[in-house]
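S.K.: Once you've had a glance at the structure underneath, I'll fire off some questions.
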Amino acid sequence: MKLTFVLSIPLLLWAESFSGAARAQTPNQAMPAIDSGPDSDTDTQGSTYVPVDSWIYPALDRLHGLGYVDSAFLGLRPWTRLSIAHMLELSADQIESGTNNDEARAIYSAVLKEVKPDLDRTTTLGHPGTELESVYTDIRGTGGTPLRDSFHLGQTIINDYGRPYESGFNNSTGFSARAEAGRLSLYFRGEAQHAPSATGYSPTLAALLSNTIDNIPFATNPQQDTIPAGPIAAANDFRVVEANLSYHLLGHEVSLGKDDHWLGPAKGASMLWSNNAENIYDFEINRVEPLSIPLLSRVTGPFRYDFFVGSLKGHTYPNDPWGHMEKISFKPTRDLEFGFDRLTIWGGKGHEPITLHTFLHSFFSFQNVTSAEKLSANDPGARFGTFDFSYRLPFLRKWITIYTDSLSHDDVSPISAPRRAGYHPGVYLARFPGLEHLDLRVEGASTDTVSASVESGQFLYYETVQRQGPTNKGFLVGDWVGRQGKGGQAWLTYHLSPQEELHFMYRNAKASNEFIPGGTTQNDFEVYVCKRVLKDFEVRGSMQYERWKAPIYQTGAQSDAVGTFQITWFPHISK
């Protein structure tokens, strides 16, 4: 099954070319040409990113699943407000001329209303435009003992920016604001966070995880963010969730600060980088508009790329390593997208310095090295590669989208070593006959590789030198399935409007007993609703029930329940 996903790309290309020829005979389905770059009037304007937890992404994801916004790159998010406006512009005629697509028109109108002011904006450095974007509070009550250990036993709450949570009353209250002036843009989101104190892991369990599982001497590393050892103090902090200054240059946003990254097509996780952990401070160059190169793009189609480099926090073995990420994604047809990604973690106090020399060595190293080099100051670092694709099926492009994300370690790409790779495949059914507002999404996840030589959780998301792997402040930046785990997630969603939905979610996760003695099991059930009230207020509520087993932690079956209520005000106060 895994190998089939990887090797099916040539067949998909052939099928797409065949179905594309058939569709060309249908006038209402003719696709506007994908623009090779931003409009000349807007390429002098900076634009802020839309946070990945915004309602805009599921709305556009659904619009794409219904057969529109063909220029969207699902595997490279976040998107800027202007790039979203350009996607909508390119789909306007197609949506307008289509039949039986009232929902598509409604989504188009709602998202366009949100981003159109950026198209109309003519601010200069002398007259910047500013806006208080949102003010929100999230109240979360937790009963029972939740799991918050993505590096070992699992997480109860996933993809939540690494926010603290424990049993009892939890709260996050914050605001976001943005400003644009010519090519410059500035975005800020910050919040006060509270979580109660907790017992945490016993010294015996913490030492076992550190010494035996991670090979980190616990005696000299008693405090590790990747192990929630007790006692855990209450959290009462103000955290910067996002804060970045960007400069727009020739279709790129060149930025410095703290911003979101979601580097895969799946809804539930990105195997390389997601918002499961707190964002890092980084320097980034992101091609935010599709680029076409004469002759080359006749084969590859338009493409986008992204690069960022920054420091990972919460590591003690070694301390303060850095990471850099490079990704390139292609759209050879309007229905097929695929991308290649690479993350390298290098450096750290007591191992090798963070310098231009060590960065360039890690950047240009693509082969395995000897143990002597690995343990020296010439270590190229821990290198992880991904391959992902999404594809709207021929003749069913407005109904079914399939996709997968895959991850390898110490191999250039999962394509070159499919038996040593982890996978996160999925299928999205955008329509049900007679129930046009209902959709279903099902995803699987596995980092328990086929290769029999890989055991004890010391391969994917782990490294001989950088032993706390791709984590930031204790949370994995990648897939919630964790190290040597298997699982899946499904959503049945009824869309009340482009900005409102009701869904039921189920998630299962298991860690191999070759990794955690006795293994672990999680089963989560969630009911979620999002409604708009009085036009400028959004109300979200959810109830999640979880049953879990982790004999190494607590004997017998355990359970917890999490109730969440969030209210957000979108004041649209601008100047």
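Each chain of the structure tokens is named A, B, ... in the order shown, its residues numbered from 1; ligands are numbered from 1 in display order.
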Taking 3 positions as the minimum chain separation for residues in the same chain, which residues sit within 8 Å of A:Phe238 when counting only C-alpha atoms? Answer as a PyMOL selection string.
M.R.: chain A and resi 190-193
S.K.: Can you tell me, as a PDB file with all heavy atoms, in the first residue's frame, which residues in stretch 291-420 of chain A count as alpha helix (DSSP H) by DSSP?
M.R.:
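Below is the file that was written, states_28.pdb:
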```pdb
ATOM      1  N   LEU A 296      10.905  24.873 -19.121  1.00  0.00           N
ATOM      2  CA  LEU A 296      10.893  23.982 -17.960  1.00  0.00           C
ATOM      3  C   LEU A 296       9.470  23.772 -17.448  1.00  0.00           C
ATOM      4  O   LEU A 296       9.070  22.636 -17.162  1.00  0.00           O
ATOM      5  CB  LEU A 296      11.773  24.545 -16.849  1.00  0.00           C
ATOM      6  CG  LEU A 296      11.763  23.764 -15.529  1.00  0.00           C
ATOM      7  CD1 LEU A 296      12.310  22.368 -15.723  1.00  0.00           C
ATOM      8  CD2 LEU A 296      12.544  24.514 -14.451  1.00  0.00           C
ATOM      9  N   SER A 297       8.695  24.836 -17.335  1.00  0.00           N
ATOM     10  CA  SER A 297       7.357  24.721 -16.768  1.00  0.00           C
ATOM     11  C   SER A 297       6.368  24.058 -17.719  1.00  0.00           C
ATOM     12  O   SER A 297       5.247  23.735 -17.314  1.00  0.00           O
ATOM     13  CB  SER A 297       6.844  26.102 -16.338  1.00  0.00           C
ATOM     14  OG  SER A 297       7.589  26.577 -15.232  1.00  0.00           O
ATOM     15  N   ARG A 298       6.754  23.830 -18.961  1.00  0.00           N
ATOM     16  CA  ARG A 298       5.911  23.035 -19.853  1.00  0.00           C
ATOM     17  C   ARG A 298       5.857  21.589 -19.372  1.00  0.00           C
ATOM     18  O   ARG A 298       4.919  20.851 -19.686  1.00  0.00           O
ATOM     19  CB  ARG A 298       6.432  23.097 -21.290  1.00  0.00           C
ATOM     20  CG  ARG A 298       6.344  24.472 -21.925  1.00  0.00           C
ATOM     21  CD  ARG A 298       6.932  24.473 -23.328  1.00  0.00           C
ATOM     22  NE  ARG A 298       6.154  23.655 -24.233  1.00  0.00           N
ATOM     23  CZ  ARG A 298       5.111  24.082 -24.955  1.00  0.00           C
ATOM     24  NH1 ARG A 298       4.723  25.341 -24.854  1.00  0.00           N
ATOM     25  NH2 ARG A 298       4.465  23.259 -25.762  1.00  0.00           N
ATOM     26  N   VAL A 299       6.890  21.190 -18.622  1.00  0.00           N
ATOM     27  CA  VAL A 299       6.941  19.838 -18.055  1.00  0.00           C
ATOM     28  C   VAL A 299       6.511  19.828 -16.595  1.00  0.00           C
ATOM     29  O   VAL A 299       5.668  19.025 -16.183  1.00  0.00           O
ATOM     30  CB  VAL A 299       8.365  19.246 -18.180  1.00  0.00           C
ATOM     31  CG1 VAL A 299       8.438  17.863 -17.545  1.00  0.00           C
ATOM     32  CG2 VAL A 299       8.790  19.198 -19.636  1.00  0.00           C
ATOM     33  N   THR A 300       7.077  20.720 -15.805  1.00  0.00           N
ATOM     34  CA  THR A 300       6.818  20.716 -14.366  1.00  0.00           C
ATOM     35  C   THR A 300       5.595  21.512 -13.967  1.00  0.00           C
ATOM     36  O   THR A 300       5.069  21.335 -12.867  1.00  0.00           O
ATOM     37  CB  THR A 300       8.017  21.291 -13.607  1.00  0.00           C
ATOM     38  OG1 THR A 300       8.155  22.691 -13.919  1.00  0.00           O
ATOM     39  CG2 THR A 300       9.301  20.559 -13.971  1.00  0.00           C
ATOM     40  N   LEU A 356      28.606  30.113   9.502  1.00  0.00           N
ATOM     41  CA  LEU A 356      28.320  30.008   8.080  1.00  0.00           C
ATOM     42  C   LEU A 356      28.941  28.736   7.509  1.00  0.00           C
ATOM     43  O   LEU A 356      28.342  28.062   6.658  1.00  0.00           O
ATOM     44  CB  LEU A 356      28.848  31.238   7.340  1.00  0.00           C
ATOM     45  CG  LEU A 356      28.617  31.265   5.819  1.00  0.00           C
ATOM     46  CD1 LEU A 356      27.126  31.201   5.502  1.00  0.00           C
ATOM     47  CD2 LEU A 356      29.257  32.500   5.198  1.00  0.00           C
ATOM     48  N   HIS A 357      30.116  28.375   7.994  1.00  0.00           N
ATOM     49  CA  HIS A 357      30.783  27.164   7.504  1.00  0.00           C
ATOM     50  C   HIS A 357      29.970  25.913   7.832  1.00  0.00           C
ATOM     51  O   HIS A 357      29.746  25.069   6.955  1.00  0.00           O
ATOM     52  CB  HIS A 357      32.181  27.062   8.117  1.00  0.00           C
ATOM     53  CG  HIS A 357      32.844  25.735   7.857  1.00  0.00           C
ATOM     54  ND1 HIS A 357      33.371  25.388   6.624  1.00  0.00           N
ATOM     55  CD2 HIS A 357      33.039  24.649   8.675  1.00  0.00           C
ATOM     56  CE1 HIS A 357      33.864  24.160   6.687  1.00  0.00           C
ATOM     57  NE2 HIS A 357      33.682  23.694   7.922  1.00  0.00           N
ATOM     58  N   THR A 358      29.527  25.775   9.098  1.00  0.00           N
ATOM     59  CA  THR A 358      28.772  24.570   9.459  1.00  0.00           C
ATOM     60  C   THR A 358      27.404  24.558   8.782  1.00  0.00           C
ATOM     61  O   THR A 358      26.890  23.495   8.437  1.00  0.00           O
ATOM     62  CB  THR A 358      28.609  24.462  10.987  1.00  0.00           C
ATOM     63  OG1 THR A 358      27.924  25.625  11.477  1.00  0.00           O
ATOM     64  CG2 THR A 358      29.955  24.325  11.664  1.00  0.00           C
ATOM     65  N   PHE A 359      26.825  25.752   8.568  1.00  0.00           N
ATOM     66  CA  PHE A 359      25.555  25.806   7.835  1.00  0.00           C
ATOM     67  C   PHE A 359      25.730  25.319   6.402  1.00  0.00           C
ATOM     68  O   PHE A 359      24.960  24.486   5.917  1.00  0.00           O
ATOM     69  CB  PHE A 359      25.001  27.228   7.833  1.00  0.00           C
ATOM     70  CG  PHE A 359      23.906  27.442   6.821  1.00  0.00           C
ATOM     71  CD1 PHE A 359      22.643  26.907   7.010  1.00  0.00           C
ATOM     72  CD2 PHE A 359      24.150  28.162   5.651  1.00  0.00           C
ATOM     73  CE1 PHE A 359      21.635  27.090   6.067  1.00  0.00           C
ATOM     74  CE2 PHE A 359      23.162  28.345   4.704  1.00  0.00           C
ATOM     75  CZ  PHE A 359      21.895  27.810   4.918  1.00  0.00           C
ATOM     76  N   LEU A 360      26.741  25.829   5.706  1.00  0.00           N
ATOM     77  CA  LEU A 360      26.954  25.428   4.314  1.00  0.00           C
ATOM     78  C   LEU A 360      27.289  23.937   4.215  1.00  0.00           C
ATOM     79  O   LEU A 360      26.866  23.254   3.268  1.00  0.00           O
ATOM     80  CB  LEU A 360      28.072  26.263   3.691  1.00  0.00           C
ATOM     81  CG  LEU A 360      27.754  27.747   3.482  1.00  0.00           C
ATOM     82  CD1 LEU A 360      28.977  28.497   2.978  1.00  0.00           C
ATOM     83  CD2 LEU A 360      26.590  27.918   2.512  1.00  0.00           C
ATOM     84  N   HIS A 361      28.033  23.418   5.184  1.00  0.00           N
ATOM     85  CA  HIS A 361      28.362  21.989   5.166  1.00  0.00           C
ATOM     86  C   HIS A 361      27.090  21.158   5.303  1.00  0.00           C
ATOM     87  O   HIS A 361      26.903  20.161   4.594  1.00  0.00           O
ATOM     88  CB  HIS A 361      29.334  21.671   6.298  1.00  0.00           C
ATOM     89  CG  HIS A 361      29.755  20.229   6.329  1.00  0.00           C
ATOM     90  ND1 HIS A 361      30.336  19.591   5.254  1.00  0.00           N
ATOM     91  CD2 HIS A 361      29.663  19.290   7.319  1.00  0.00           C
ATOM     92  CE1 HIS A 361      30.591  18.336   5.556  1.00  0.00           C
ATOM     93  NE2 HIS A 361      30.187  18.124   6.813  1.00  0.00           N
ATOM     94  N   SER A 362      26.184  21.560   6.211  1.00  0.00           N
ATOM     95  CA  SER A 362      24.934  20.819   6.374  1.00  0.00           C
ATOM     96  C   SER A 362      24.005  21.010   5.177  1.00  0.00           C
ATOM     97  O   SER A 362      23.268  20.101   4.801  1.00  0.00           O
ATOM     98  CB  SER A 362      24.228  21.268   7.655  1.00  0.00           C
ATOM     99  OG  SER A 362      23.762  22.600   7.549  1.00  0.00           O
ATOM    100  N   PHE A 363      24.083  22.174   4.550  1.00  0.00           N
ATOM    101  CA  PHE A 363      23.199  22.487   3.421  1.00  0.00           C
ATOM    102  C   PHE A 363      23.540  21.650   2.187  1.00  0.00           C
ATOM    103  O   PHE A 363      22.657  21.199   1.460  1.00  0.00           O
ATOM    104  CB  PHE A 363      23.309  23.982   3.096  1.00  0.00           C
ATOM    105  CG  PHE A 363      22.295  24.476   2.110  1.00  0.00           C
ATOM    106  CD1 PHE A 363      21.053  24.909   2.528  1.00  0.00           C
ATOM    107  CD2 PHE A 363      22.573  24.517   0.747  1.00  0.00           C
ATOM    108  CE1 PHE A 363      20.099  25.373   1.624  1.00  0.00           C
ATOM    109  CE2 PHE A 363      21.643  24.965  -0.164  1.00  0.00           C
ATOM    110  CZ  PHE A 363      20.397  25.396   0.279  1.00  0.00           C
ATOM    111  N   PHE A 364      24.832  21.426   1.965  1.00  0.00           N
ATOM    112  CA  PHE A 364      25.261  20.749   0.739  1.00  0.00           C
ATOM    113  C   PHE A 364      25.625  19.280   0.945  1.00  0.00           C
ATOM    114  O   PHE A 364      26.109  18.631   0.019  1.00  0.00           O
ATOM    115  CB  PHE A 364      26.451  21.494   0.120  1.00  0.00           C
ATOM    116  CG  PHE A 364      26.088  22.832  -0.455  1.00  0.00           C
ATOM    117  CD1 PHE A 364      26.458  24.001   0.186  1.00  0.00           C
ATOM    118  CD2 PHE A 364      25.361  22.922  -1.634  1.00  0.00           C
ATOM    119  CE1 PHE A 364      26.125  25.245  -0.332  1.00  0.00           C
ATOM    120  CE2 PHE A 364      25.024  24.159  -2.164  1.00  0.00           C
ATOM    121  CZ  PHE A 364      25.400  25.329  -1.521  1.00  0.00           C
ATOM    122  N   SER A 371      30.983   7.459  11.370  1.00  0.00           N
ATOM    123  CA  SER A 371      30.731   7.765  12.777  1.00  0.00           C
ATOM    124  C   SER A 371      31.711   8.809  13.293  1.00  0.00           C
ATOM    125  O   SER A 371      31.344   9.686  14.089  1.00  0.00           O
ATOM    126  CB  SER A 371      30.831   6.492  13.614  1.00  0.00           C
ATOM    127  OG  SER A 371      29.843   5.560  13.240  1.00  0.00           O
ATOM    128  N   ALA A 372      32.961   8.734  12.824  1.00  0.00           N
ATOM    129  CA  ALA A 372      33.958   9.709  13.257  1.00  0.00           C
ATOM    130  C   ALA A 372      33.559  11.123  12.854  1.00  0.00           C
ATOM    131  O   ALA A 372      33.681  12.073  13.639  1.00  0.00           O
ATOM    132  CB  ALA A 372      35.325   9.346  12.675  1.00  0.00           C
ATOM    133  N   GLU A 373      33.076  11.277  11.617  1.00  0.00           N
ATOM    134  CA  GLU A 373      32.645  12.608  11.169  1.00  0.00           C
ATOM    135  C   GLU A 373      31.375  13.032  11.889  1.00  0.00           C
ATOM    136  O   GLU A 373      31.211  14.202  12.239  1.00  0.00           O
ATOM    137  CB  GLU A 373      32.424  12.607   9.652  1.00  0.00           C
ATOM    138  CG  GLU A 373      32.055  13.982   9.102  1.00  0.00           C
ATOM    139  CD  GLU A 373      31.956  14.016   7.592  1.00  0.00           C
ATOM    140  OE1 GLU A 373      32.332  13.005   6.949  1.00  0.00           O
ATOM    141  OE2 GLU A 373      31.495  15.047   7.056  1.00  0.00           O
ATOM    142  N   LYS A 374      30.487  12.090  12.130  1.00  0.00           N
ATOM    143  CA  LYS A 374      29.229  12.405  12.797  1.00  0.00           C
ATOM    144  C   LYS A 374      29.457  12.961  14.192  1.00  0.00           C
ATOM    145  O   LYS A 374      28.741  13.849  14.654  1.00  0.00           O
ATOM    146  CB  LYS A 374      28.369  11.140  12.871  1.00  0.00           C
ATOM    147  CG  LYS A 374      26.973  11.350  13.391  1.00  0.00           C
ATOM    148  CD  LYS A 374      26.140  12.117  12.396  1.00  0.00           C
ATOM    149  CE  LYS A 374      24.777  12.436  12.965  1.00  0.00           C
ATOM    150  NZ  LYS A 374      24.048  13.412  12.143  1.00  0.00           N
TER     151      LYS A 374
END
```
S.K.: Please run DSSP on the backbone and report, as a ChimeraX atom specification, all residues within stretch 102-210 of chain A that come out as strand (DSSP E).
M.R.: /A:129-144,148-149,154-155,168-181,184-195
S.K.: Can you pull out every residue within 7 Å of A:Gly200, counting only C-alpha atoms, but drop anything in the same chain fewer than 5 positions away, and send it as an MDAnalysis selection string?
M.R.: chainID A and resid 228:232
S.K.: Keeping N, CA and C atoms, export the residues of the selection given above as a compact mmCIF listing (two decimals), in the first residue's frame.
M.R.:
```txt
# COMPACT_ATOMS: atom_id res chain seq x y z
N PRO A 228 7.86 15.31 30.39
CA PRO A 228 7.15 16.11 31.39
C PRO A 228 7.30 15.52 32.79
N ALA A 229 8.52 15.57 33.32
CA ALA A 229 8.80 15.04 34.65
C ALA A 229 8.21 15.97 35.71
N GLY A 230 7.71 15.37 36.79
CA GLY A 230 7.09 16.15 37.82
C GLY A 230 8.07 16.62 38.89
N PRO A 231 7.62 17.55 39.73
CA PRO A 231 6.33 18.22 39.61
C PRO A 231 6.37 19.31 38.54
N ILE A 232 5.24 19.54 37.85
CA ILE A 232 5.14 20.55 36.80
C ILE A 232 4.47 21.79 37.38
```
